[in-house]
Amino acid sequence: MQACVVGSGPNGLTAAIVLARAGLRTTVLETEDTIGGGARTLELTLPGFRNDLCSAIHPMALSSPAFASFPLREHGLEWIQPPLPAAHPLDDGTAAILFRDLNEASAHLGPDGPRYRRFLAPLVRNWPRLSRAILRPIHIPRHPLLLARFGMLAGPPAAVSARYFFRSPRNRALFAGIAAHAVMPLDALASGAFGWALIIAAHAAGWPLPRGGSQSIASALASYFRSLGGEIVAGARVASLDQLGNASPILLDITPKQFLEIAGNRLPASYRRKMEKYRYGPGAFKLDYALRAPIPWTSPACRNAGTVHLGGSWEEIERSEREAAGGIAPEKPLVLLTQPSLFDPTRAPAGQHTAWAYCHVPNGCEVDMTGRIEAQIERFAPGFRAIVLKRTSFSPRQMEQHNANLIGGDIMGGAHTLKQILLRPSIGFYRTPLKNVYLCSSSTPPGGGVHGMCGYNAAHLALGALSH
Ligand SMILES: Cc1cc2nc3c(=O)[nH]c(=O)nc-3n(C[C@H](O)[C@H](O)[C@H](O)COP(=O)(O)OP(=O)(O)OC[C@H]3O[C@@H](n4cnc5c(N)ncnc54)[C@H](O)[C@@H]3O)c2cc1C
């Protein structure tokens, strides 16, 4: 083996492809028996029901410059766009909707619409440039005006932009559900960044799901990698860097905590201390379902949405996210729900369905959130419990048992403090003090989500260093 990648998540596989394309004999070592990390689809409930273990909806995958540069379609990846990216049911039986089309979205927002459309139109139009810029570490921008415009949305807390853009409580509620994907309190600095990026992506590229589940992304990456001569070894846990002999470069699709464990005392004390201070964010408590019928939403619009946010008003959602970040398991959590089988018949037997739902809880939280999550689903879809054939729950610790990168159930690879958004996991980004050893997981820029850009950026850096 010449080059080695530890971990076969989307970032590990992307890094491996970049190395293999440059002509390096590259091996990926994966501790689990199935490859893909956060992009895996398994029969988690009943035979014939294919549930996404982690990621399900992929706005950033479709917007990823890395994935766009790989022939993934030829390797079996096919995107499906649900008619609506997201719906947000309310207690009056209606739903606020995130439409794909910017004009339709702005019409739906009523008096809030014109300002929304005016501000977002240039960002939506220039999304390929903008996404290229934000899916990298901080740098001197090539399109400063575009980035400054995005910065006006991304820098302030979500609570500030909610007040500026959305007078209507319905629209504020819709924005709260989207902004909460940041997994941070909505009054924290930069808490709007993720929500606005997801909104712009929705209008520019949609919130698609891959036919066959998120595993199809990992399988397409793996198939392309193998076509380049790469090798993947599953069931191969790397417990120490010593196992890798003189492989070079080494790219690690793992988080700082694991890096400390496998690098042993090779790391200088100052870097160790920095990595020991790296913070993990709230965890996820997740439920996977096999259902005998589609979810009986009160609002018919929810039937057409790939993602449904269940949490009611801005105030309720703001509280749920504040509590999860502050060490309290929310009584009324914001629930993020996806229903892929409505749009992709390969996920369940004919007429039956899959769904996944999760909420944010404190890191490592042991509270069983099943009842609280289902109370939120029943609130907007009475009769839901009656259609459940089987449910499987994952506490944050159980999530971590299935993927060692999910420390305490943190799905983002590290807390979104301002410092950890800008300098992730340190000012060196992918670089480590060890020669030709790089971090390339979502604990590096641009962070969480299935886009492969952490791996892509890290592998290019590694190749650049080899050529010097
Ligand atoms: C419940 C949940 C829902 C999510 N929903 C979405 C979504 O809808 N859309 C989206 O874009 N993102 C979503 N995400 C986030 C997304 O899954 C991650 O951001 C993404 O998978 C990170 O990719 P990665 O390559 O950095 O790490 P991972 O995908 O976590 O992969 C890391 C890999 O490294 C392996 N590994 C770890 N330690 C070792 C070791 N010592 N030796 C060998 N192998 C090792 C792991 O087994 C794993 O396969 C979700 C995550 C979760 C948990």
# chains A, B, ... in the order shown; residues from 1 in each chain; ligands from 1
>>> residues_near_ligand(ligand="ligand 1", cutoff="7 Å", atoms="only C-alpha atoms and all ligand atoms", output="PyMOL selection string")
chain A and resi 6-12+29-32+35-39+53-61+236-239+253-254+258+284+286+358+399+403-406+411-413+440-443+448-452
>>> write_last_selection(atoms="N, CA and C atoms", output="short mmCIF file (atom, residue, chain, number, x, y, z; two decimals), in the first residue's frame")
data_model
loop_
_atom_site.label_atom_id
_atom_site.label_comp_id
_atom_site.auth_asym_id
_atom_site.auth_seq_id
_atom_site.Cartn_x
_atom_site.Cartn_y
_atom_site.Cartn_z
N VAL A 6 -8.12 6.15 6.28
CA VAL A 6 -8.77 5.44 7.38
C VAL A 6 -10.20 5.96 7.48
N GLY A 7 -11.16 5.06 7.21
CA GLY A 7 -12.57 5.43 7.28
C GLY A 7 -13.17 5.61 5.89
N SER A 8 -14.34 4.97 5.67
CA SER A 8 -14.95 5.00 4.33
C SER A 8 -16.22 5.84 4.30
N GLY A 9 -16.28 6.89 5.14
CA GLY A 9 -17.39 7.83 5.02
C GLY A 9 -17.25 8.58 3.71
N PRO A 10 -18.22 9.44 3.39
CA PRO A 10 -18.15 10.18 2.12
C PRO A 10 -16.85 10.99 1.99
N ASN A 11 -16.34 11.50 3.10
CA ASN A 11 -15.08 12.25 3.01
C ASN A 11 -13.89 11.32 2.77
N GLY A 12 -13.88 10.17 3.43
CA GLY A 12 -12.78 9.22 3.23
C GLY A 12 -12.76 8.73 1.79
N LEU A 29 -9.21 1.71 4.70
CA LEU A 29 -9.48 0.76 5.78
C LEU A 29 -10.71 1.22 6.56
N GLU A 30 -11.69 0.35 6.68
CA GLU A 30 -12.96 0.72 7.33
C GLU A 30 -13.24 -0.27 8.46
N THR A 31 -13.53 0.26 9.64
CA THR A 31 -13.73 -0.63 10.79
C THR A 31 -15.05 -1.42 10.71
N GLU A 32 -16.10 -0.81 10.15
CA GLU A 32 -17.40 -1.50 10.08
C GLU A 32 -17.38 -2.51 8.94
N ILE A 35 -19.45 -0.38 4.19
CA ILE A 35 -18.75 0.89 3.93
C ILE A 35 -19.78 2.03 3.83
N GLY A 36 -19.28 3.25 4.00
CA GLY A 36 -20.14 4.42 3.77
C GLY A 36 -20.28 5.34 4.96
N GLY A 37 -19.96 4.85 6.18
CA GLY A 37 -20.06 5.71 7.37
C GLY A 37 -21.44 6.30 7.51
N GLY A 38 -21.55 7.62 7.42
CA GLY A 38 -22.85 8.30 7.55
C GLY A 38 -23.71 8.19 6.31
N ALA A 39 -23.25 7.50 5.27
CA ALA A 39 -24.05 7.31 4.07
C ALA A 39 -24.27 5.81 3.86
N LEU A 53 -29.26 4.85 7.74
CA LEU A 53 -28.74 4.86 9.11
C LEU A 53 -28.47 6.29 9.57
N CYS A 54 -27.90 7.11 8.71
CA CYS A 54 -27.62 8.52 9.06
C CYS A 54 -28.25 9.43 8.03
N SER A 55 -27.47 9.87 7.03
CA SER A 55 -27.99 10.90 6.13
C SER A 55 -29.07 10.34 5.22
N ALA A 56 -30.01 11.25 4.86
CA ALA A 56 -31.13 10.85 4.00
C ALA A 56 -31.36 11.85 2.87
N ILE A 57 -31.19 13.14 3.15
CA ILE A 57 -31.52 14.19 2.19
C ILE A 57 -30.24 14.95 1.88
N HIS A 58 -30.01 15.28 0.61
CA HIS A 58 -28.64 15.66 0.23
C HIS A 58 -28.49 16.92 -0.61
N PRO A 59 -28.92 18.06 -0.07
CA PRO A 59 -28.70 19.29 -0.83
C PRO A 59 -27.22 19.56 -1.09
N MET A 60 -26.37 19.27 -0.13
CA MET A 60 -24.96 19.61 -0.30
C MET A 60 -24.23 18.61 -1.20
N ALA A 61 -24.74 17.39 -1.27
CA ALA A 61 -24.11 16.41 -2.18
C ALA A 61 -24.31 16.85 -3.62
N ALA A 236 -11.86 -3.60 9.16
CA ALA A 236 -10.44 -3.40 9.48
C ALA A 236 -10.28 -2.14 10.33
N ARG A 237 -10.37 -2.33 11.65
CA ARG A 237 -10.25 -1.16 12.53
C ARG A 237 -8.79 -0.75 12.67
N VAL A 238 -8.54 0.53 12.54
CA VAL A 238 -7.18 1.03 12.77
C VAL A 238 -7.13 1.53 14.21
N ALA A 239 -6.37 0.83 15.05
CA ALA A 239 -6.28 1.21 16.46
C ALA A 239 -5.04 2.04 16.72
N ASP A 253 -10.25 9.86 8.13
CA ASP A 253 -11.66 10.30 8.13
C ASP A 253 -12.22 10.04 9.54
N ILE A 254 -11.57 10.62 10.51
CA ILE A 254 -11.95 10.41 11.92
C ILE A 254 -11.91 11.78 12.63
N GLN A 258 -10.61 10.55 18.23
CA GLN A 258 -10.05 9.28 17.75
C GLN A 258 -8.59 9.45 17.30
N ALA A 284 -27.81 13.12 18.67
CA ALA A 284 -29.11 12.86 18.04
C ALA A 284 -29.72 11.61 18.64
N LYS A 286 -32.50 8.93 17.47
CA LYS A 286 -33.09 8.68 16.15
C LYS A 286 -34.04 7.47 16.17
N TYR A 358 -35.48 12.21 13.85
CA TYR A 358 -34.57 12.37 14.99
C TYR A 358 -34.75 13.74 15.62
N MET A 399 -25.82 5.32 18.46
CA MET A 399 -25.36 5.85 17.17
C MET A 399 -23.84 5.69 17.09
N ASN A 403 -21.06 3.94 14.43
CA ASN A 403 -20.11 4.78 13.68
C ASN A 403 -19.28 5.53 14.73
N ALA A 404 -18.03 5.13 14.84
CA ALA A 404 -17.17 5.67 15.90
C ALA A 404 -16.98 7.19 15.80
N ASN A 405 -17.30 7.78 14.64
CA ASN A 405 -17.15 9.23 14.49
C ASN A 405 -18.26 10.02 15.19
N LEU A 406 -19.35 9.35 15.55
CA LEU A 406 -20.48 10.07 16.14
C LEU A 406 -20.28 10.15 17.66
N ILE A 411 -23.69 14.48 15.34
CA ILE A 411 -23.75 14.08 13.93
C ILE A 411 -22.95 15.01 13.03
N MET A 412 -22.34 16.04 13.60
CA MET A 412 -21.67 17.06 12.80
C MET A 412 -20.14 16.99 12.89
N GLY A 413 -19.61 16.07 13.67
CA GLY A 413 -18.15 15.95 13.78
C GLY A 413 -17.54 17.03 14.66
N CYS A 440 -9.36 14.40 7.53
CA CYS A 440 -10.21 14.72 6.37
C CYS A 440 -11.69 14.47 6.65
N SER A 441 -12.07 14.38 7.93
CA SER A 441 -13.48 14.10 8.25
C SER A 441 -14.25 15.40 8.38
N SER A 442 -15.50 15.29 8.80
CA SER A 442 -16.34 16.49 8.98
C SER A 442 -15.87 17.33 10.17
N SER A 443 -14.83 16.92 10.86
CA SER A 443 -14.20 17.77 11.88
C SER A 443 -13.24 18.77 11.23
N GLY A 448 -19.90 19.27 8.67
CA GLY A 448 -20.84 18.15 8.50
C GLY A 448 -21.63 18.18 7.21
N GLY A 449 -22.20 17.03 6.89
CA GLY A 449 -23.01 16.89 5.68
C GLY A 449 -22.30 16.00 4.68
N VAL A 450 -23.09 15.41 3.80
CA VAL A 450 -22.52 14.52 2.79
C VAL A 450 -22.21 15.36 1.55
N HIS A 451 -20.96 15.74 1.40
CA HIS A 451 -20.52 16.53 0.24
C HIS A 451 -19.10 16.13 -0.17
N GLY A 452 -18.41 15.42 0.71
CA GLY A 452 -17.07 14.94 0.37
C GLY A 452 -16.01 16.03 0.34
#
>>> residues_around(residues="region 138-149 of chain A", least_positions_apart="2", cutoff="8 Å", atoms="only C-alpha atoms", output="list in words")
Pro122, Leu123, Arg129, Leu130, Ala133, Ile134, Arg136, Gly151, Met152, Leu153 and Leu422 of chain A
>>> write_last_selection(atoms="all heavy atoms", output="tab-separated table (two decimals), in the first residue's frame")
chain	number	residue	atom	x	y	z
A	122	PRO	N	-29.69	36.94	-6.12
A	122	PRO	CA	-28.30	36.85	-6.63
A	122	PRO	C	-27.54	35.65	-6.04
A	122	PRO	O	-26.67	35.08	-6.72
A	122	PRO	CB	-27.65	38.15	-6.14
A	122	PRO	CG	-28.75	39.01	-5.64
A	122	PRO	CD	-29.94	38.16	-5.37
A	123	LEU	N	-27.89	35.29	-4.82
A	123	LEU	CA	-27.19	34.16	-4.19
A	123	LEU	C	-27.62	32.84	-4.84
A	123	LEU	O	-26.81	31.94	-5.06
A	123	LEU	CB	-27.47	34.14	-2.68
A	123	LEU	CG	-26.98	35.38	-1.92
A	123	LEU	CD1	-27.51	35.41	-0.50
A	123	LEU	CD2	-25.45	35.43	-1.90
A	129	ARG	N	-20.89	29.25	-7.72
A	129	ARG	CA	-19.72	29.99	-7.22
A	129	ARG	C	-19.73	30.08	-5.70
A	129	ARG	O	-18.72	29.91	-5.04
A	129	ARG	CB	-19.77	31.43	-7.73
A	129	ARG	CG	-19.29	31.57	-9.12
A	129	ARG	CD	-19.26	33.05	-9.45
A	129	ARG	NE	-19.10	33.17	-10.88
A	129	ARG	CZ	-19.49	34.19	-11.59
A	129	ARG	NH1	-20.04	35.22	-11.00
A	129	ARG	NH2	-19.31	34.21	-12.87
A	130	LEU	N	-20.92	30.37	-5.17
A	130	LEU	CA	-21.02	30.55	-3.72
A	130	LEU	C	-20.71	29.23	-3.00
A	130	LEU	O	-19.95	29.20	-2.02
A	130	LEU	CB	-22.43	31.04	-3.36
A	130	LEU	CG	-22.72	31.23	-1.88
A	130	LEU	CD1	-21.80	32.30	-1.29
A	130	LEU	CD2	-24.18	31.64	-1.66
A	133	ALA	N	-17.16	28.50	-2.77
A	133	ALA	CA	-16.46	29.34	-1.80
A	133	ALA	C	-16.73	28.88	-0.36
A	133	ALA	O	-15.82	28.90	0.48
A	133	ALA	CB	-16.86	30.80	-1.97
A	134	ILE	N	-17.97	28.48	-0.07
A	134	ILE	CA	-18.25	28.16	1.34
A	134	ILE	C	-17.92	26.71	1.69
A	134	ILE	O	-17.89	26.36	2.86
A	134	ILE	CB	-19.71	28.51	1.75
A	134	ILE	CG1	-20.73	27.71	0.96
A	134	ILE	CG2	-19.97	30.00	1.63
A	134	ILE	CD1	-22.18	28.01	1.35
A	136	ARG	N	-15.10	25.46	1.47
A	136	ARG	CA	-13.62	25.46	1.65
A	136	ARG	C	-13.31	26.10	2.99
A	136	ARG	O	-14.14	26.77	3.58
A	136	ARG	CB	-13.00	26.37	0.58
A	136	ARG	CG	-13.01	25.85	-0.82
A	136	ARG	CD	-12.47	26.91	-1.76
A	136	ARG	NE	-11.12	27.37	-1.37
A	136	ARG	CZ	-10.48	28.38	-1.96
A	136	ARG	NH1	-11.06	29.06	-2.93
A	136	ARG	NH2	-9.28	28.74	-1.58
A	151	GLY	N	-22.46	36.57	3.76
A	151	GLY	CA	-22.01	36.81	5.14
A	151	GLY	C	-23.03	37.60	5.95
A	151	GLY	O	-23.17	37.40	7.15
A	152	MET	N	-23.79	38.47	5.25
A	152	MET	CA	-24.82	39.24	5.98
A	152	MET	C	-25.91	38.32	6.51
A	152	MET	O	-26.55	38.60	7.53
A	152	MET	CB	-25.42	40.30	5.05
A	152	MET	CG	-24.47	41.47	4.83
A	152	MET	SD	-24.91	42.42	3.38
A	152	MET	CE	-26.31	43.31	4.00
A	153	LEU	N	-26.13	37.20	5.82
A	153	LEU	CA	-27.10	36.21	6.32
A	153	LEU	C	-26.45	35.26	7.31
A	153	LEU	O	-27.04	34.87	8.32
A	153	LEU	CB	-27.62	35.37	5.15
A	153	LEU	CG	-28.42	36.05	4.05
A	153	LEU	CD1	-28.70	35.06	2.93
A	153	LEU	CD2	-29.72	36.58	4.63
A	422	LEU	N	-14.95	28.39	12.15
A	422	LEU	CA	-13.93	29.08	11.34
A	422	LEU	C	-12.61	28.30	11.28
A	422	LEU	O	-11.99	28.21	10.22
A	422	LEU	CB	-13.67	30.48	11.90
A	422	LEU	CG	-14.88	31.44	11.82
A	422	LEU	CD1	-14.55	32.76	12.49
A	422	LEU	CD2	-15.30	31.67	10.37
>>> closest_residue(among="A:Leu252, A:Leu198, A:Leu241, A:Met184", to="His360 (chain A)", atoms="only C-alpha atoms")
A:Met184
>>> select_by_dssp(residues="region 261-350 of chain A", states="helix (DSSP H, G or I)", output="MDAnalysis selection string")
chainID A and resid 261:266 269:276 300:304 314:325 340:342 345:347
>>> residues_around(residues="region 327-341 of chain A", least_positions_apart="3", cutoff="6 Å", atoms="only C-alpha atoms", output="list in words")
Gly306, Thr307, Val308, His309, Leu310, Gly311, Ile317, Ser320, Glu323, Ala324, Asp344, Pro345, Arg347, His353, Thr354, Ala355, Trp356, Ala357, Tyr358, Cys359, Val361 and Pro362 of chain A
>>> write_last_selection(atoms="C-alpha atoms", output="mmCIF file, in the first residue's frame")
data_model
loop_
_atom_site.group_PDB
_atom_site.id
_atom_site.type_symbol
_atom_site.label_atom_id
_atom_site.label_comp_id
_atom_site.auth_asym_id
_atom_site.auth_seq_id
_atom_site.Cartn_x
_atom_site.Cartn_y
_atom_site.Cartn_z
ATOM 1 C CA GLY A 306 -39.056 14.874 1.396
ATOM 2 C CA THR A 307 -38.362 16.479 4.770
ATOM 3 C CA VAL A 308 -40.900 17.533 7.398
ATOM 4 C CA HIS A 309 -39.970 19.657 10.424
ATOM 5 C CA LEU A 310 -42.167 19.035 13.449
ATOM 6 C CA GLY A 311 -41.827 21.564 16.205
ATOM 7 C CA ILE A 317 -38.126 25.335 18.307
ATOM 8 C CA SER A 320 -35.872 22.895 21.998
ATOM 9 C CA GLU A 323 -32.268 23.038 25.812
ATOM 10 C CA ALA A 324 -30.426 20.388 23.783
ATOM 11 C CA ASP A 344 -38.432 6.083 -4.070
ATOM 12 C CA PRO A 345 -40.274 2.751 -4.312
ATOM 13 C CA ARG A 347 -37.135 1.508 -0.039
ATOM 14 C CA HIS A 353 -43.204 2.862 3.718
ATOM 15 C CA THR A 354 -40.096 3.869 5.595
ATOM 16 C CA ALA A 355 -39.468 6.999 7.634
ATOM 17 C CA TRP A 356 -36.747 8.314 9.868
ATOM 18 C CA ALA A 357 -37.051 10.911 12.569
ATOM 19 C CA TYR A 358 -34.571 12.375 14.990
ATOM 20 C CA CYS A 359 -34.232 15.170 17.493
ATOM 21 C CA VAL A 361 -30.471 16.019 22.696
ATOM 22 C CA PRO A 362 -27.479 16.733 24.946
#
>>> atom_distance(atom1="CA of Asp410 (chain A)", atom2="CA of Phe429 (chain A)")
19.5 Å
>>> residues_around(residues="Ser168 (chain A)", least_positions_apart="5", cutoff="10 Å", atoms="only C-alpha atoms", output="PyMOL selection string")
chain A and resi 109-112+162-163+173
>>> write_last_selection(atoms="all heavy atoms", output="PDB file, in the first residue's frame")
ATOM      1  N   LEU A 109     -44.618  33.241   0.935  1.00  0.00           N
ATOM      2  CA  LEU A 109     -44.254  33.965   2.167  1.00  0.00           C
ATOM      3  C   LEU A 109     -45.092  35.227   2.365  1.00  0.00           C
ATOM      4  O   LEU A 109     -44.941  35.918   3.375  1.00  0.00           O
ATOM      5  CB  LEU A 109     -42.760  34.338   2.143  1.00  0.00           C
ATOM      6  CG  LEU A 109     -41.765  33.176   2.179  1.00  0.00           C
ATOM      7  CD1 LEU A 109     -40.336  33.694   2.053  1.00  0.00           C
ATOM      8  CD2 LEU A 109     -41.920  32.348   3.449  1.00  0.00           C
ATOM      9  N   GLY A 110     -45.953  35.556   1.412  1.00  0.00           N
ATOM     10  CA  GLY A 110     -46.847  36.719   1.558  1.00  0.00           C
ATOM     11  C   GLY A 110     -46.046  38.007   1.639  1.00  0.00           C
ATOM     12  O   GLY A 110     -45.074  38.198   0.887  1.00  0.00           O
ATOM     13  N   PRO A 111     -46.400  38.908   2.570  1.00  0.00           N
ATOM     14  CA  PRO A 111     -45.703  40.199   2.648  1.00  0.00           C
ATOM     15  C   PRO A 111     -44.192  40.055   2.912  1.00  0.00           C
ATOM     16  O   PRO A 111     -43.419  40.954   2.599  1.00  0.00           O
ATOM     17  CB  PRO A 111     -46.381  40.898   3.828  1.00  0.00           C
ATOM     18  CG  PRO A 111     -47.709  40.225   3.975  1.00  0.00           C
ATOM     19  CD  PRO A 111     -47.551  38.824   3.486  1.00  0.00           C
ATOM     20  N   ASP A 112     -43.765  38.930   3.468  1.00  0.00           N
ATOM     21  CA  ASP A 112     -42.321  38.728   3.686  1.00  0.00           C
ATOM     22  C   ASP A 112     -41.593  38.348   2.390  1.00  0.00           C
ATOM     23  O   ASP A 112     -40.354  38.356   2.336  1.00  0.00           O
ATOM     24  CB  ASP A 112     -42.078  37.584   4.697  1.00  0.00           C
ATOM     25  CG  ASP A 112     -42.502  37.966   6.116  1.00  0.00           C
ATOM     26  OD1 ASP A 112     -42.487  39.172   6.427  1.00  0.00           O
ATOM     27  OD2 ASP A 112     -42.846  37.055   6.891  1.00  0.00           O
ATOM     28  N   ALA A 162     -34.172  36.093  11.400  1.00  0.00           N
ATOM     29  CA  ALA A 162     -35.603  35.758  11.443  1.00  0.00           C
ATOM     30  C   ALA A 162     -36.415  37.028  11.676  1.00  0.00           C
ATOM     31  O   ALA A 162     -37.449  37.251  11.033  1.00  0.00           O
ATOM     32  CB  ALA A 162     -35.866  34.760  12.559  1.00  0.00           C
ATOM     33  N   ARG A 163     -35.938  37.888  12.586  1.00  0.00           N
ATOM     34  CA  ARG A 163     -36.676  39.128  12.870  1.00  0.00           C
ATOM     35  C   ARG A 163     -36.676  40.055  11.662  1.00  0.00           C
ATOM     36  O   ARG A 163     -37.656  40.710  11.365  1.00  0.00           O
ATOM     37  CB  ARG A 163     -36.043  39.852  14.076  1.00  0.00           C
ATOM     38  CG  ARG A 163     -36.591  39.355  15.415  1.00  0.00           C
ATOM     39  CD  ARG A 163     -36.309  40.340  16.524  1.00  0.00           C
ATOM     40  NE  ARG A 163     -34.881  40.538  16.740  1.00  0.00           N
ATOM     41  CZ  ARG A 163     -34.117  39.759  17.491  1.00  0.00           C
ATOM     42  NH1 ARG A 163     -34.660  38.738  18.118  1.00  0.00           N
ATOM     43  NH2 ARG A 163     -32.831  39.999  17.639  1.00  0.00           N
ATOM     44  N   ALA A 173     -41.506  30.272  11.871  1.00  0.00           N
ATOM     45  CA  ALA A 173     -41.489  28.858  12.278  1.00  0.00           C
ATOM     46  C   ALA A 173     -40.778  28.014  11.213  1.00  0.00           C
ATOM     47  O   ALA A 173     -39.922  27.172  11.521  1.00  0.00           O
ATOM     48  CB  ALA A 173     -42.911  28.367  12.489  1.00  0.00           C
TER      49      ALA A 173
END
>>> closest_residue(among="A:Ile295, A:Ala66, A:Val367, A:Ala375", to="Ile387 (chain A)", atoms="only C-alpha atoms")
A:Ile295
>>> residues_around(residues="Leu260 (chain A)", least_positions_apart="3", cutoff="8 Å", atoms="only C-alpha atoms", output="list of chain:residue names")
A:Pro256, A:Lys257, A:Ala263, A:Gly264, A:Leu267, A:Arg272, A:Met275, A:Glu276
>>> residues_around(residues="Tyr278 (chain A)", least_positions_apart="6", cutoff="9 Å", atoms="only C-alpha atoms", output="list in words")
Pro256, Lys257, Gly414, Ala415, Gln420, Arg424, Pro425 and Ser426 of chain A
>>> residues_around(residues="Phe165 (chain A)", least_positions_apart="5", cutoff="12 Å", atoms="only C-alpha atoms", output="list in words")
Ser106, Leu109, Gly110, Pro111, Asp112, Gly113, Pro114, Arg115, Tyr116, Arg117, Arg118, Phe119, Leu120, Leu153, Ala158, Ala159, Val160, Asn171, Arg172, Leu174, Phe175, Gly192 and Trp196 of chain A
>>> closest_residue(among="A:Lys277, A:Ala176, A:Ser395, A:Trp297", to="Glu366 (chain A)", atoms="only C-alpha atoms")
A:Ser395
>>> atom_distance(atom1="CA of His402 (chain A)", atom2="CA of Tyr438 (chain A)")
23.6 Å
>>> closest_residue(among="A:Leu186, A:Leu62, A:Ile200, A:Ile17", to="Asp101 (chain A)", atoms="only C-alpha atoms")
A:Ile200
>>> select_by_dssp(residues="region 249-325 of chain A", states="strand (DSSP E)", output="NGL selection string")
:A and (250-252 or 283-291 or 305-310)
>>> closest_residue(among="A:Val28, A:Ala86, A:Ala3, A:Ala179", to="Leu98 (chain A)", atoms="only C-alpha atoms")
A:Ala86
>>> closest_residue(among="A:Thr417, A:Thr27, A:Gln401, A:Thr34", to="Gln215 (chain A)", atoms="only C-alpha atoms")
A:Thr34
